[in-house]
file my_file-v3.cif (mmCIF, C-alpha atoms)
data_start
loop_
_atom_site.label_atom_id
_atom_site.label_comp_id
_atom_site.auth_asym_id
_atom_site.auth_seq_id
_atom_site.Cartn_x
_atom_site.Cartn_y
_atom_site.Cartn_z
CA MET J 10 61.85 -18.43 61.14
CA MET J 11 58.67 -18.23 63.09
CA GLU J 12 55.75 -16.07 62.12
CA SER J 13 55.82 -13.10 64.42
CA GLN J 14 52.53 -13.33 66.22
CA ALA J 15 51.67 -9.75 66.80
CA PRO J 16 48.00 -9.56 67.65
CA ARG J 17 46.45 -10.47 64.34
CA VAL J 18 42.75 -10.84 64.54
CA THR J 19 41.49 -14.21 63.59
CA VAL J 20 37.91 -14.78 64.53
CA GLU J 21 37.17 -18.31 65.59
CA GLY J 22 39.68 -19.50 63.06
CA PHE J 23 38.16 -17.41 60.27
CA ASP J 24 40.23 -14.91 58.46
CA GLY J 25 37.51 -12.38 57.86
CA PRO J 26 33.93 -12.48 56.60
CA LEU J 27 34.71 -13.91 53.17
CA ASP J 28 36.67 -16.71 54.75
CA LEU J 29 33.73 -17.57 56.97
CA LEU J 30 31.28 -17.49 54.08
CA LEU J 31 33.53 -19.69 51.97
CA GLU J 32 33.88 -22.07 54.87
CA LEU J 33 30.09 -22.41 55.05
CA VAL J 34 29.85 -23.11 51.33
CA GLU J 35 32.45 -25.82 51.64
CA GLU J 36 30.96 -27.30 54.79
CA LYS J 37 27.62 -27.72 53.08
CA LYS J 38 29.38 -29.06 49.98
CA LEU J 39 27.78 -26.39 47.84
CA ASP J 40 29.02 -24.93 44.60
CA ILE J 41 29.97 -21.28 44.72
CA LEU J 42 28.72 -20.84 41.19
CA THR J 43 25.18 -22.00 41.91
CA VAL J 44 24.56 -21.58 45.62
CA ARG J 45 21.96 -19.00 46.59
CA LEU J 46 24.03 -16.93 48.91
CA GLY J 47 20.96 -15.64 50.72
CA ASP J 48 20.33 -19.19 51.90
CA LEU J 49 23.51 -18.98 53.88
CA ALA J 50 22.37 -15.95 55.85
CA ASP J 51 21.03 -17.94 58.79
CA ALA J 52 24.08 -20.13 59.16
CA TYR J 53 26.35 -17.13 58.78
CA LEU J 54 24.47 -15.13 61.43
CA ALA J 55 24.56 -18.09 63.76
CA ARG J 56 28.33 -18.22 63.46
CA VAL J 57 28.74 -14.50 63.93
CA ARG J 58 26.47 -14.59 66.98
CA ALA J 59 28.57 -17.39 68.44
CA MET J 60 31.70 -15.26 68.25
CA ALA J 61 32.99 -14.00 71.53
CA ALA J 62 34.01 -10.41 72.13
CA LEU J 63 35.55 -8.95 69.00
CA PRO J 64 37.29 -5.73 68.16
CA ALA J 65 34.73 -3.30 66.80
CA ASP J 66 36.19 -2.96 63.32
CA GLU J 67 36.28 -6.71 62.87
CA VAL J 68 32.69 -7.07 63.98
CA SER J 69 31.58 -4.39 61.56
CA ALA J 70 33.18 -6.23 58.65
CA PHE J 71 31.37 -9.43 59.61
CA LEU J 72 28.10 -7.60 60.15
CA ALA J 73 28.35 -5.80 56.84
CA LEU J 74 28.47 -9.10 55.03
CA ALA J 75 25.72 -10.47 57.25
CA SER J 76 23.46 -7.62 56.22
CA ARG J 77 24.20 -8.31 52.56
CA LEU J 78 23.26 -11.92 53.01
CA VAL J 79 20.07 -11.10 54.84
CA LEU J 80 19.16 -8.63 52.14
CA LEU J 81 19.78 -11.26 49.48
CA LYS J 82 17.63 -13.71 51.35
CA ALA J 83 14.84 -11.18 51.79
CA ARG J 84 14.91 -10.38 48.10
CA SER J 85 14.61 -13.99 47.14
CA LEU J 86 11.65 -14.46 49.48
CA LEU J 87 9.93 -11.24 48.53
CA PRO J 88 10.76 -10.26 44.98
CA SER J 89 8.67 -7.12 45.45
CA LEU J 90 11.35 -5.86 47.83
CA GLU J 91 13.60 -5.15 44.91
CA PRO J 92 12.87 -1.43 44.51
CA LEU J 93 13.73 -0.86 48.14
CA ALA J 94 17.24 -2.20 47.80
CA LEU J 95 19.99 0.24 48.44
CA GLU J 96 21.55 1.41 45.26
CA ASP J 97 25.07 0.75 46.40
CA ALA J 98 24.26 -2.67 47.76
CA GLU J 99 26.28 -5.45 46.23
CA SER J 100 24.22 -7.71 44.03
CA GLU J 101 24.31 -11.43 44.55
CA GLU J 102 26.44 -11.83 41.44
CA GLU J 103 28.95 -9.24 42.62
CA LEU J 104 29.23 -10.95 45.95
CA ARG J 105 29.53 -14.31 44.22
CA ALA J 106 32.33 -12.96 42.03
CA ARG J 107 34.11 -11.66 45.10
CA LEU J 108 33.72 -14.98 46.87
CA LEU J 109 34.93 -16.82 43.80
CA GLU J 110 37.99 -14.63 43.56
CA TYR J 111 38.68 -15.14 47.22
CA ALA J 112 38.34 -18.90 46.81
CA ILE J 113 41.01 -18.78 44.12
CA VAL J 114 43.28 -16.75 46.35
CA ARG J 115 42.84 -19.23 49.15
CA GLU J 116 43.54 -22.14 46.86
CA ARG J 117 46.69 -20.50 45.56
CA ALA J 118 47.76 -19.65 49.08
CA SER J 119 47.43 -23.27 50.08
CA GLN J 120 49.49 -24.30 47.04
CA LEU J 121 52.18 -21.83 48.01
CA GLY J 122 51.99 -23.10 51.56
CA ALA J 123 52.47 -26.65 50.32
CA ARG J 124 55.56 -25.56 48.40
CA LEU J 125 56.88 -23.92 51.50
CA ARG J 126 56.28 -27.02 53.60
CA ALA J 127 57.94 -29.19 50.97
CA GLY J 128 60.96 -27.00 51.67
CA GLU J 129 62.19 -27.20 48.09
CA ARG J 130 63.76 -23.82 47.98
CA ALA J 131 66.82 -22.36 46.34
CA PHE J 132 69.79 -20.64 47.89
CA HIS J 133 72.10 -18.08 46.36
CA ARG J 134 75.61 -17.20 47.28
CA GLU J 135 75.83 -13.87 49.04
CA GLY J 136 76.60 -11.45 46.26
CA GLY J 137 78.88 -8.49 45.99
CA THR J 138 82.29 -8.34 44.45
CA ILE J 139 84.47 -11.25 45.28
CA GLU J 140 87.43 -10.09 47.28
CA LEU J 141 90.54 -11.38 45.59
CA PRO J 142 93.57 -12.05 47.75
CA PRO J 143 96.46 -9.67 47.07
CA ARG J 144 98.81 -10.97 44.46
CA GLY J 145 102.21 -12.27 45.34
CA GLY J 146 100.92 -15.23 47.24
CA GLU J 147 102.87 -17.77 45.22
CA VAL J 148 103.89 -21.00 46.84
CA ASP J 149 107.58 -20.32 46.15
CA ALA J 150 107.34 -17.02 47.94
CA LEU J 151 105.88 -18.80 50.92
CA ALA J 152 108.74 -21.27 51.00
CA LEU J 153 111.30 -18.49 50.69
CA ALA J 154 109.66 -16.54 53.46
CA PHE J 155 109.66 -19.54 55.71
CA GLY J 156 113.35 -20.05 54.97
CA ARG J 157 114.04 -16.48 56.01
CA VAL J 158 112.07 -16.95 59.19
CA LEU J 159 114.11 -20.03 60.03
CA THR J 160 117.34 -18.16 59.38
CA LEU J 161 116.23 -15.30 61.58
CA ALA J 162 115.12 -17.66 64.30
CA ALA J 163 118.48 -19.34 64.27
CA LYS J 164 120.20 -16.01 64.95
CA GLN J 165 120.53 -14.43 68.30
CA ARG J 166 117.89 -11.85 69.01
CA GLU J 167 118.53 -8.39 70.16
CA GLU J 168 118.74 -8.69 73.90
CA ASP J 169 117.25 -5.48 75.09
CA ILE J 170 114.76 -4.00 72.68
CA VAL J 171 114.17 -0.87 74.68
CA ALA J 172 117.46 0.95 74.57
CA PRO J 173 118.48 2.95 77.61
CA GLY J 174 119.47 5.78 75.35
CA GLU J 175 119.12 6.28 71.66
CA ARG J 176 121.56 4.09 69.94
CA TYR J 177 120.68 5.10 66.42
CA SER J 178 119.87 8.56 65.34
CA VAL J 179 117.63 9.20 62.35
CA GLU J 180 119.70 12.21 61.32
CA GLN J 181 122.88 10.17 61.26
CA ARG J 182 121.25 7.29 59.44
CA THR J 183 119.78 9.70 56.89
CA LEU J 184 123.21 11.04 56.15
CA GLU J 185 124.63 7.54 55.83
CA ILE J 186 121.94 6.48 53.39
CA GLU J 187 122.25 9.67 51.37
CA GLU J 188 125.98 9.11 51.01
CA LEU J 189 125.49 5.48 50.08
CA ILE J 190 122.98 6.31 47.40
CA THR J 191 125.06 9.14 46.02
CA ALA J 192 127.92 6.72 45.71
CA GLN J 193 126.05 3.71 44.31
CA GLY J 194 123.07 5.23 42.50
CA ARG J 195 120.71 2.53 43.68
CA VAL J 196 120.45 0.47 46.81
CA SER J 197 117.91 -2.09 47.92
CA PHE J 198 116.15 -1.88 51.23
CA ALA J 199 117.48 -5.29 52.17
CA THR J 200 121.04 -4.07 51.65
CA LEU J 201 120.40 -1.08 53.89
CA LEU J 202 119.07 -3.31 56.61
CA GLY J 203 122.04 -5.63 56.39
CA GLY J 204 122.00 -9.25 57.38
CA ALA J 205 120.46 -9.19 60.81
CA PRO J 206 119.01 -5.83 61.66
CA THR J 207 117.86 -5.11 65.16
CA ILE J 208 114.40 -3.68 65.47
CA GLY J 209 115.76 -0.29 66.43
CA PHE J 210 118.09 -0.22 63.45
CA ALA J 211 115.35 -1.25 61.05
CA VAL J 212 112.95 1.38 62.37
CA VAL J 213 115.51 4.15 62.18
CA THR J 214 116.47 3.10 58.65
CA PHE J 215 112.85 3.07 57.59
CA ILE J 216 112.13 6.48 59.08
CA ALA J 217 115.27 7.84 57.44
CA LEU J 218 114.05 6.57 54.09
CA LEU J 219 110.64 8.10 54.57
CA ASP J 220 112.28 11.39 55.43
CA LEU J 221 114.52 11.25 52.36
CA TYR J 222 111.54 10.48 50.18
CA ARG J 223 109.58 13.33 51.71
CA ARG J 224 112.44 15.67 50.93
CA ALA J 225 112.44 14.33 47.36
CA VAL J 226 116.02 13.16 47.63
CA ILE J 227 115.23 9.58 46.69
CA ASP J 228 112.74 7.59 44.67
CA LEU J 229 111.23 4.34 45.85
CA ALA J 230 110.19 1.46 43.63
CA GLN J 231 108.82 -1.98 44.27
CA ASP J 232 108.27 -4.40 41.40
CA GLU J 233 105.58 -6.43 43.10
CA LEU J 234 103.89 -6.80 46.42
CA PHE J 235 106.38 -7.69 49.18
CA ALA J 236 109.34 -7.56 46.78
CA ASP J 237 112.48 -5.77 47.83
CA ILE J 238 112.23 -2.00 47.75
CA VAL J 239 114.72 -0.32 45.45
CA ILE J 240 115.96 3.11 46.42
CA THR J 241 117.37 5.41 43.76
CA ARG J 242 118.60 8.96 43.91
CA ARG J 243 116.42 11.58 42.35
CA GLU J 244 117.85 13.86 39.78
CA PRO J 245 119.49 16.73 41.64
CA PRO J 246 117.23 19.76 41.82
CA SER J 247 119.71 21.75 39.81
CA VAL J 248 119.03 19.62 36.73
CA ARG J 249 115.29 20.03 37.06
CA ASN J 250 115.61 23.76 37.32
CA MET R 9 72.89 -9.53 37.60
CA THR R 10 71.04 -7.94 34.72
CA LYS R 11 71.20 -8.97 31.11
CA GLY R 12 72.67 -5.54 30.30
CA GLU R 13 75.52 -6.04 32.76
CA LEU R 14 76.22 -9.48 31.38
CA GLY R 15 76.36 -8.09 27.87
CA ARG R 16 78.66 -5.27 28.90
CA ILE R 17 81.09 -7.57 30.72
CA ALA R 18 81.07 -10.42 28.25
CA GLY R 19 80.91 -8.10 25.27
CA GLY R 20 77.84 -9.58 23.64
CA THR R 21 74.60 -8.35 22.20
CA PRO R 22 71.45 -8.77 24.31
CA ARG R 23 70.47 -11.48 21.88
CA ALA R 24 73.72 -13.37 22.38
CA VAL R 25 73.44 -13.02 26.14
CA GLU R 26 69.93 -14.42 26.01
CA ASN R 27 71.10 -17.41 24.01
CA ALA R 28 74.01 -17.97 26.34
CA LEU R 29 71.70 -17.83 29.36
CA ALA R 30 69.39 -20.37 27.78
CA GLU R 31 72.38 -22.57 27.05
CA LEU R 32 73.57 -22.22 30.63
CA ALA R 33 70.12 -23.07 31.97
CA THR R 34 70.12 -26.23 29.87
CA ALA R 35 73.61 -27.10 31.01
CA TYR R 36 72.54 -26.80 34.63
CA GLU R 37 69.69 -29.26 34.22
CA GLY R 38 70.22 -32.25 36.45
CA THR R 39 72.99 -30.52 38.38
CA GLY R 40 72.91 -28.89 41.77
CA LEU R 41 72.53 -25.43 40.28
CA ARG R 42 69.97 -23.55 38.25
CA LEU R 43 69.31 -20.11 36.88
CA GLN R 44 66.71 -17.94 38.54
CA ARG R 45 65.17 -14.98 36.79
CA SER R 46 63.35 -12.03 38.28
CA GLY R 47 62.37 -9.57 35.58
CA ASP R 48 65.61 -8.70 33.83
CA GLU R 49 67.83 -10.02 36.61
CA TRP R 50 69.49 -13.39 36.60
CA GLN R 51 71.16 -15.29 39.35
CA ILE R 52 72.68 -18.68 39.89
CA VAL R 53 71.05 -20.51 42.79
CA THR R 54 71.13 -24.00 44.21
CA ALA R 55 68.57 -26.47 42.89
CA PRO R 56 65.54 -26.84 45.18
CA GLN R 57 65.81 -30.62 45.34
CA HIS R 58 69.04 -30.17 47.29
CA ALA R 59 67.48 -27.71 49.70
CA PRO R 60 67.68 -30.01 52.75
CA GLN R 61 71.44 -30.44 52.37
CA VAL R 62 72.14 -26.79 51.57
CA ALA R 63 69.91 -25.65 54.42
CA ALA R 64 71.71 -27.98 56.79
CA TYR R 65 75.06 -26.63 55.62
CA LEU R 66 73.97 -23.00 55.96
CA GLY R 67 72.06 -23.62 59.16
CA ALA R 68 69.04 -22.01 57.54
CA ASP R 69 65.67 -22.30 59.20
CA ARG R 70 62.59 -23.12 57.23
CA LEU R 71 60.36 -20.19 56.49
CA ARG R 72 56.96 -20.43 58.11
CA LEU R 73 54.01 -18.25 57.20
CA SER R 74 50.53 -18.04 58.65
CA PRO R 75 47.56 -18.77 56.36
CA ALA R 76 46.75 -15.04 56.36
CA SER R 77 50.28 -14.14 55.26
CA LEU R 78 50.16 -16.81 52.58
CA GLU R 79 46.88 -15.46 51.25
CA THR R 80 48.22 -11.94 51.05
CA LEU R 81 51.42 -13.19 49.48
CA SER R 82 49.52 -15.14 46.86
CA VAL R 83 47.47 -12.09 45.88
CA VAL R 84 50.63 -9.99 45.58
CA ALA R 85 52.39 -12.73 43.62
CA TYR R 86 49.60 -13.23 41.09
CA ARG R 87 48.44 -9.64 40.80
CA GLN R 88 51.65 -7.67 41.08
CA PRO R 89 52.18 -4.79 41.11
CA VAL R 90 49.27 -4.33 43.47
CA THR R 91 48.30 -1.90 46.23
CA ARG R 92 47.42 -2.89 49.74
CA ALA R 93 43.86 -1.64 49.27
CA GLU R 94 43.46 -3.95 46.28
CA VAL R 95 44.64 -6.92 48.31
CA GLU R 96 42.31 -5.97 51.13
CA ALA R 97 39.38 -5.72 48.72
CA ILE R 98 40.02 -9.27 47.57
CA ARG R 99 40.62 -10.79 50.99
CA GLY R 100 37.90 -8.74 52.66
CA VAL R 101 40.07 -8.02 55.68
CA ASN R 102 42.64 -5.51 56.83
CA CYS R 103 46.12 -6.59 55.72
CA ASP R 104 48.40 -4.14 57.57
CA GLN R 105 50.00 -6.79 59.69
CA THR R 106 50.53 -9.34 56.96
CA PHE R 107 52.08 -6.71 54.66
CA TYR R 108 54.43 -5.75 57.44
CA THR R 109 55.34 -9.37 58.08
CA LEU R 110 55.93 -10.14 54.40
CA ALA R 111 58.00 -7.00 53.85
CA SER R 112 60.14 -7.70 56.89
CA ARG R 113 60.77 -11.21 55.52
CA ARG R 114 61.78 -9.54 52.26
CA LEU R 115 59.17 -11.54 50.39
CA ILE R 116 57.48 -8.43 49.03
CA GLU R 117 58.82 -4.98 48.28
CA GLU R 118 57.64 -1.60 47.09
CA ARG R 119 57.36 -1.13 43.36
CA GLY R 120 56.70 2.55 43.04
CA ARG R 121 53.31 4.19 43.29
CA LYS R 122 50.05 3.83 41.49
CA GLU R 123 49.03 6.97 39.63
CA THR R 124 45.62 7.18 41.23
CA PRO R 125 44.35 9.56 43.92
CA GLY R 126 46.53 9.25 46.99
CA ARG R 127 49.27 7.62 44.93
CA PRO R 128 49.17 4.35 46.91
CA ILE R 129 52.30 2.22 47.12
CA LEU R 130 52.48 -0.70 44.73
CA TYR R 131 53.92 -3.99 45.91
CA GLY R 132 55.54 -6.90 44.13
CA THR R 133 57.38 -10.04 45.08
CA THR R 134 61.15 -10.20 45.54
CA TRP R 135 64.10 -12.38 44.71
CA GLU R 136 63.78 -13.96 48.10
CA PHE R 137 60.22 -14.91 47.27
CA LEU R 138 61.32 -16.89 44.21
CA GLU R 139 64.10 -18.43 46.23
CA CYS R 140 61.97 -19.40 49.21
CA PHE R 141 59.41 -21.07 46.97
CA GLY R 142 61.95 -22.69 44.69
CA LEU R 143 60.62 -20.90 41.60
CA GLN R 144 62.91 -20.18 38.67
CA SER R 145 60.75 -17.23 37.69
CA LEU R 146 57.25 -15.91 38.21
CA ASP R 147 56.17 -17.90 35.14
CA GLU R 148 56.50 -20.98 37.32
CA LEU R 149 53.81 -19.93 39.78
CA PRO R 150 51.34 -22.79 40.06
CA ARG R 151 48.46 -22.35 37.61
CA ALA R 152 46.09 -24.95 38.97
CA LEU R 153 43.00 -22.78 38.81
CA SER R 154 41.74 -20.41 36.21
CA PRO R 155 39.27 -17.78 37.38
CA ASP R 156 36.62 -18.90 34.91
CA GLY R 157 37.33 -22.62 35.09
CA ALA R 158 35.03 -24.98 36.89
CA LEU R 159 35.79 -24.44 40.51
CA VAL R 160 35.00 -26.78 43.34
CA PRO R 161 36.80 -25.39 46.36
CA GLY R 162 37.70 -27.84 49.03
CA ALA R 163 36.96 -30.79 46.78
#
call {"tool": "encode", "arguments": {"input": "my_file-v3.cif", "output": "structure tokens"}}
result
Amino acid sequence: MMESQAPRVTVEGFDGPLDLLLELVEEKKLDILTVRLGDLADAYLARVRAMAALPADEVSAFLALASRLVLLKARSLLPSLEPLALEDAESEEELRARLLEYAIVRERASQLGARLRAGERAFHREGGTIELPPRGGEVDALALAFGRVLTLAAKQREEDIVAPGERYSVEQRTLEIEELITAQGRVSFATLLGGAPTIGFAVVTFIALLDLYRRAVIDLAQDELFADIVITRREPPSVRN
Amino acid sequence: MTKGELGRIAGGTPRAVENALAELATAYEGTGLRLQRSGDEWQIVTAPQHAPQVAAYLGADRLRLSPASLETLSVVAYRQPVTRAEVEAIRGVNCDQTFYTLASRRLIEERGRKETPGRPILYGTTWEFLECFGLQSLDELPRALSPDGALVPGA
């Protein structure tokens, strides 16, 4: 992933006034804790002056800090200036504390950056509920199914799938099934289809079953996924009444 | 997954779950996996030392962040939950863009609002942050510097 480089203002490689000030402290090998920040005013101003055209809000941030530094320097040169200082002006110690805090942030950032470059990261598996395959996928079932496919393939296929006229009628098939079930009590779907059903015959049989079920003539049961469907006759309505 | 969920599913007290998690963490030591914790949430992740191989397998690119984004991220990580204004006060610069970048990388996220005037949004680091930096939890953030320790930046 690349950092999206939308126009982010970095001034001469400095990420804001504090960054520049910290850079000066480091360049001069000074200690943040003891350096007289006012002494850095000249160097800081020189850098700011050297900056090319800047967006106004960025410049103001740099200039605000510059004015603090100049004020600090002036105070150190002329202690009598003290009463004139603005009340809300940051004291040297406040600015030092801010700089110190920023130095820590920068140090931590570089540590994080080093971790990132080392590339020693973790990965998780995409979460969510694991989708289990439907049951009934036993190896035996697969072998049986393949056997059936082979048997079917060995048989002659229905020659013309699109019949010129209707060769099976749902109404007739419905009657047939109803009679069969009345006689036998229960019939399996495989039995109804017979050994080698044509597509038309299978479809008509299936629709007939759906119709019978809709009319509450039969009940359908299936022990497990893809097992044979068992058709039984419902109790005659007269009994239920 | 939270400790509560684990307890509910495994049928254990929070205490038992905690012990089991500690046991699991120990069991994972030296293997390709480890436990990662963010607040009350736990997750099994790959061990960082295998990152090159896992990244190659997943075709994952390495995350790159600019120094400015890293600075902002470090303030959020160490000070969370924190508002954008607080981060800006520390860095001394506007952080709009870096916040946007970090949020779009899912490294930081909103953590409610601070009950101060204006109710500013609070931000904290995410799961992805821990993952990207190979941290098992926020306790593992590098502690090289203490604010009041002797500090020699750049040395």
call {"tool": "resolve_selection", "arguments": {"input": "my_file-v3.cif", "expression": "the PyMOL selection byres ((chain R and resi 77) around 12)", "output": "ChimeraX atom specification"}}
result
/J:12-14,17,24,114-115,118-119,121-122 /R:71-76,78-85,95,99,101-113,115-116
call {"tool": "resolve_selection", "arguments": {"input": "my_file-v3.cif", "expression": "the PyMOL selection byres ((chain J and resi 41) around 8)", "output": "list in words"}}
result
Val34, Leu39, Asp40, Leu42, Thr43, Val44, Arg105, Leu108 and Leu109 of chain J; Leu159 and Val160 of chain R
call {"tool": "closest_residue", "arguments": {"input": "my_file-v3.cif", "among": "R:Ile129, R:Met9, R:Leu29, R:Ile17", "to": "chain J", "atoms": "all atoms listed in the file"}}
result
R:Met9
call {"tool": "resolve_selection", "arguments": {"input": "my_file-v3.cif", "expression": "the PyMOL selection byres ((chain J and resi 30) around 12)", "output": "CSV table (one decimal) with C-alpha atoms, in the frame of the given file"}}
result
chain,number,residue,atom,x,y,z
J,23,PHE,CA,38.2,-17.4,60.3
J,24,ASP,CA,40.2,-14.9,58.5
J,25,GLY,CA,37.5,-12.4,57.9
J,26,PRO,CA,33.9,-12.5,56.6
J,27,LEU,CA,34.7,-13.9,53.2
J,28,ASP,CA,36.7,-16.7,54.8
J,29,LEU,CA,33.7,-17.6,57.0
J,31,LEU,CA,33.5,-19.7,52.0
J,32,GLU,CA,33.9,-22.1,54.9
J,33,LEU,CA,30.1,-22.4,55.0
J,34,VAL,CA,29.8,-23.1,51.3
J,35,GLU,CA,32.4,-25.8,51.6
J,36,GLU,CA,31.0,-27.3,54.8
J,37,LYS,CA,27.6,-27.7,53.1
J,39,LEU,CA,27.8,-26.4,47.8
J,41,ILE,CA,30.0,-21.3,44.7
J,44,VAL,CA,24.6,-21.6,45.6
J,46,LEU,CA,24.0,-16.9,48.9
J,47,GLY,CA,21.0,-15.6,50.7
J,48,ASP,CA,20.3,-19.2,51.9
J,49,LEU,CA,23.5,-19.0,53.9
J,50,ALA,CA,22.4,-16.0,55.8
J,51,ASP,CA,21.0,-17.9,58.8
J,52,ALA,CA,24.1,-20.1,59.2
J,53,TYR,CA,26.4,-17.1,58.8
J,54,LEU,CA,24.5,-15.1,61.4
J,55,ALA,CA,24.6,-18.1,63.8
J,56,ARG,CA,28.3,-18.2,63.5
J,57,VAL,CA,28.7,-14.5,63.9
J,71,PHE,CA,31.4,-9.4,59.6
J,74,LEU,CA,28.5,-9.1,55.0
J,75,ALA,CA,25.7,-10.5,57.2
J,77,ARG,CA,24.2,-8.3,52.6
J,78,LEU,CA,23.3,-11.9,53.0
J,104,LEU,CA,29.2,-11.0,46.0
J,105,ARG,CA,29.5,-14.3,44.2
J,107,ARG,CA,34.1,-11.7,45.1
J,108,LEU,CA,33.7,-15.0,46.9
J,109,LEU,CA,34.9,-16.8,43.8
J,111,TYR,CA,38.7,-15.1,47.2
J,112,ALA,CA,38.3,-18.9,46.8
R,99,ARG,CA,40.6,-10.8,51.0
R,100,GLY,CA,37.9,-8.7,52.7
call {"tool": "closest_residue", "arguments": {"input": "my_file-v3.cif", "among": "J:Thr200, J:Gln231, J:Gln120, J:Gln181", "to": "chain R", "atoms": "only C-alpha atoms"}}
result
J:Gln120
call {"tool": "closest_residue", "arguments": {"input": "my_file-v3.cif", "among": "J:Ala131, J:Leu159, J:Leu234, J:Ile227", "to": "chain R", "atoms": "all atoms listed in the file"}}
result
J:Ala131
call {"tool": "closest_residue", "arguments": {"input": "my_file-v3.cif", "among": "R:Gly142, R:Gly132, R:Pro89, R:Gly120", "to": "chain J", "atoms": "all atoms listed in the file"}}
result
R:Gly142
call {"tool": "atom_distance", "arguments": {"input": "my_file-v3.cif", "atom1": "CA of Glu188 in chain J", "atom2": "CA of Arg243 in chain J"}}
result
13.1 Å
call {"tool": "atom_distance", "arguments": {"input": "my_file-v3.cif", "atom1": "CA of Ile238 in chain J", "atom2": "CA of Val196 in chain J"}}
result
8.6 Å
call {"tool": "atom_distance", "arguments": {"input": "my_file-v3.cif", "atom1": "CA of Leu130 in chain R", "atom2": "CA of Leu14 in chain R"}}
result
28.6 Å
call {"tool": "closest_residue", "arguments": {"input": "my_file-v3.cif", "among": "R:Gln61, R:Gln88, R:Thr54, R:Ser145", "to": "chain J", "atoms": "only C-alpha atoms"}}
result
R:Thr54
call {"tool": "residues_around", "arguments": {"input": "my_file-v3.cif", "residues": "Pro128 in chain R", "least_positions_apart": "6", "cutoff": "7 Å", "atoms": "only C-alpha atoms", "output": "PyMOL selection string"}}
result
chain R and resi 91+121-122
call {"tool": "axis_aligned_box", "arguments": {"input": "my_file-v3.cif", "around": "range 55-74 of chain R", "padding_each_side": "5 Å", "output": "JSON"}}
result
{"center_x": 62.8, "center_y": -24.3, "center_z": 51.0, "size_x": 34.5, "size_y": 22.6, "size_z": 26.3}
call {"tool": "residues_around", "arguments": {"input": "my_file-v3.cif", "residues": "Leu143 in chain R", "least_positions_apart": "5", "cutoff": "12 Å", "atoms": "only C-alpha atoms", "output": "ChimeraX atom specification"}}
result
/J:121,124-125,128-132 /R:42-46,53-57,85,133-138,148-150
call {"tool": "build_atoms", "arguments": {"input": "my_file-v3.cif", "residues": "range 55-68 of chain R", "atoms": "N, CA and C atoms", "output": "CSV table (one decimal), in the frame of the given file"}}
result
chain,number,residue,atom,x,y,z
R,55,ALA,N,69.8,-25.8,43.3
R,55,ALA,CA,68.6,-26.5,42.9
R,55,ALA,C,67.7,-26.8,44.1
R,56,PRO,N,66.4,-26.6,44.0
R,56,PRO,CA,65.5,-26.8,45.2
R,56,PRO,C,65.6,-28.3,45.7
R,57,GLN,N,65.8,-29.2,44.8
R,57,GLN,CA,65.8,-30.6,45.3
R,57,GLN,C,66.9,-30.9,46.3
R,58,HIS,N,67.9,-30.0,46.3
R,58,HIS,CA,69.0,-30.2,47.3
R,58,HIS,C,68.9,-29.3,48.5
R,59,ALA,N,67.7,-28.7,48.6
R,59,ALA,CA,67.5,-27.7,49.7
R,59,ALA,C,67.8,-28.3,51.1
R,60,PRO,N,67.4,-29.5,51.4
R,60,PRO,CA,67.7,-30.0,52.8
R,60,PRO,C,69.2,-30.0,53.1
R,61,GLN,N,70.0,-30.4,52.1
R,61,GLN,CA,71.4,-30.4,52.4
R,61,GLN,C,72.0,-29.0,52.5
R,62,VAL,N,71.6,-28.2,51.5
R,62,VAL,CA,72.1,-26.8,51.6
R,62,VAL,C,71.7,-26.1,52.8
R,63,ALA,N,70.4,-26.3,53.2
R,63,ALA,CA,69.9,-25.6,54.4
R,63,ALA,C,70.7,-26.1,55.6
R,64,ALA,N,71.0,-27.4,55.7
R,64,ALA,CA,71.7,-28.0,56.8
R,64,ALA,C,73.1,-27.4,56.9
R,65,TYR,N,73.7,-27.2,55.7
R,65,TYR,CA,75.1,-26.6,55.6
R,65,TYR,C,75.0,-25.2,56.1
R,66,LEU,N,74.0,-24.4,55.6
R,66,LEU,CA,74.0,-23.0,56.0
R,66,LEU,C,73.4,-22.8,57.3
R,67,GLY,N,72.8,-23.8,57.9
R,67,GLY,CA,72.1,-23.6,59.2
R,67,GLY,C,70.8,-22.8,59.0
R,68,ALA,N,70.2,-22.8,57.8
R,68,ALA,CA,69.0,-22.0,57.5
R,68,ALA,C,67.8,-22.6,58.1
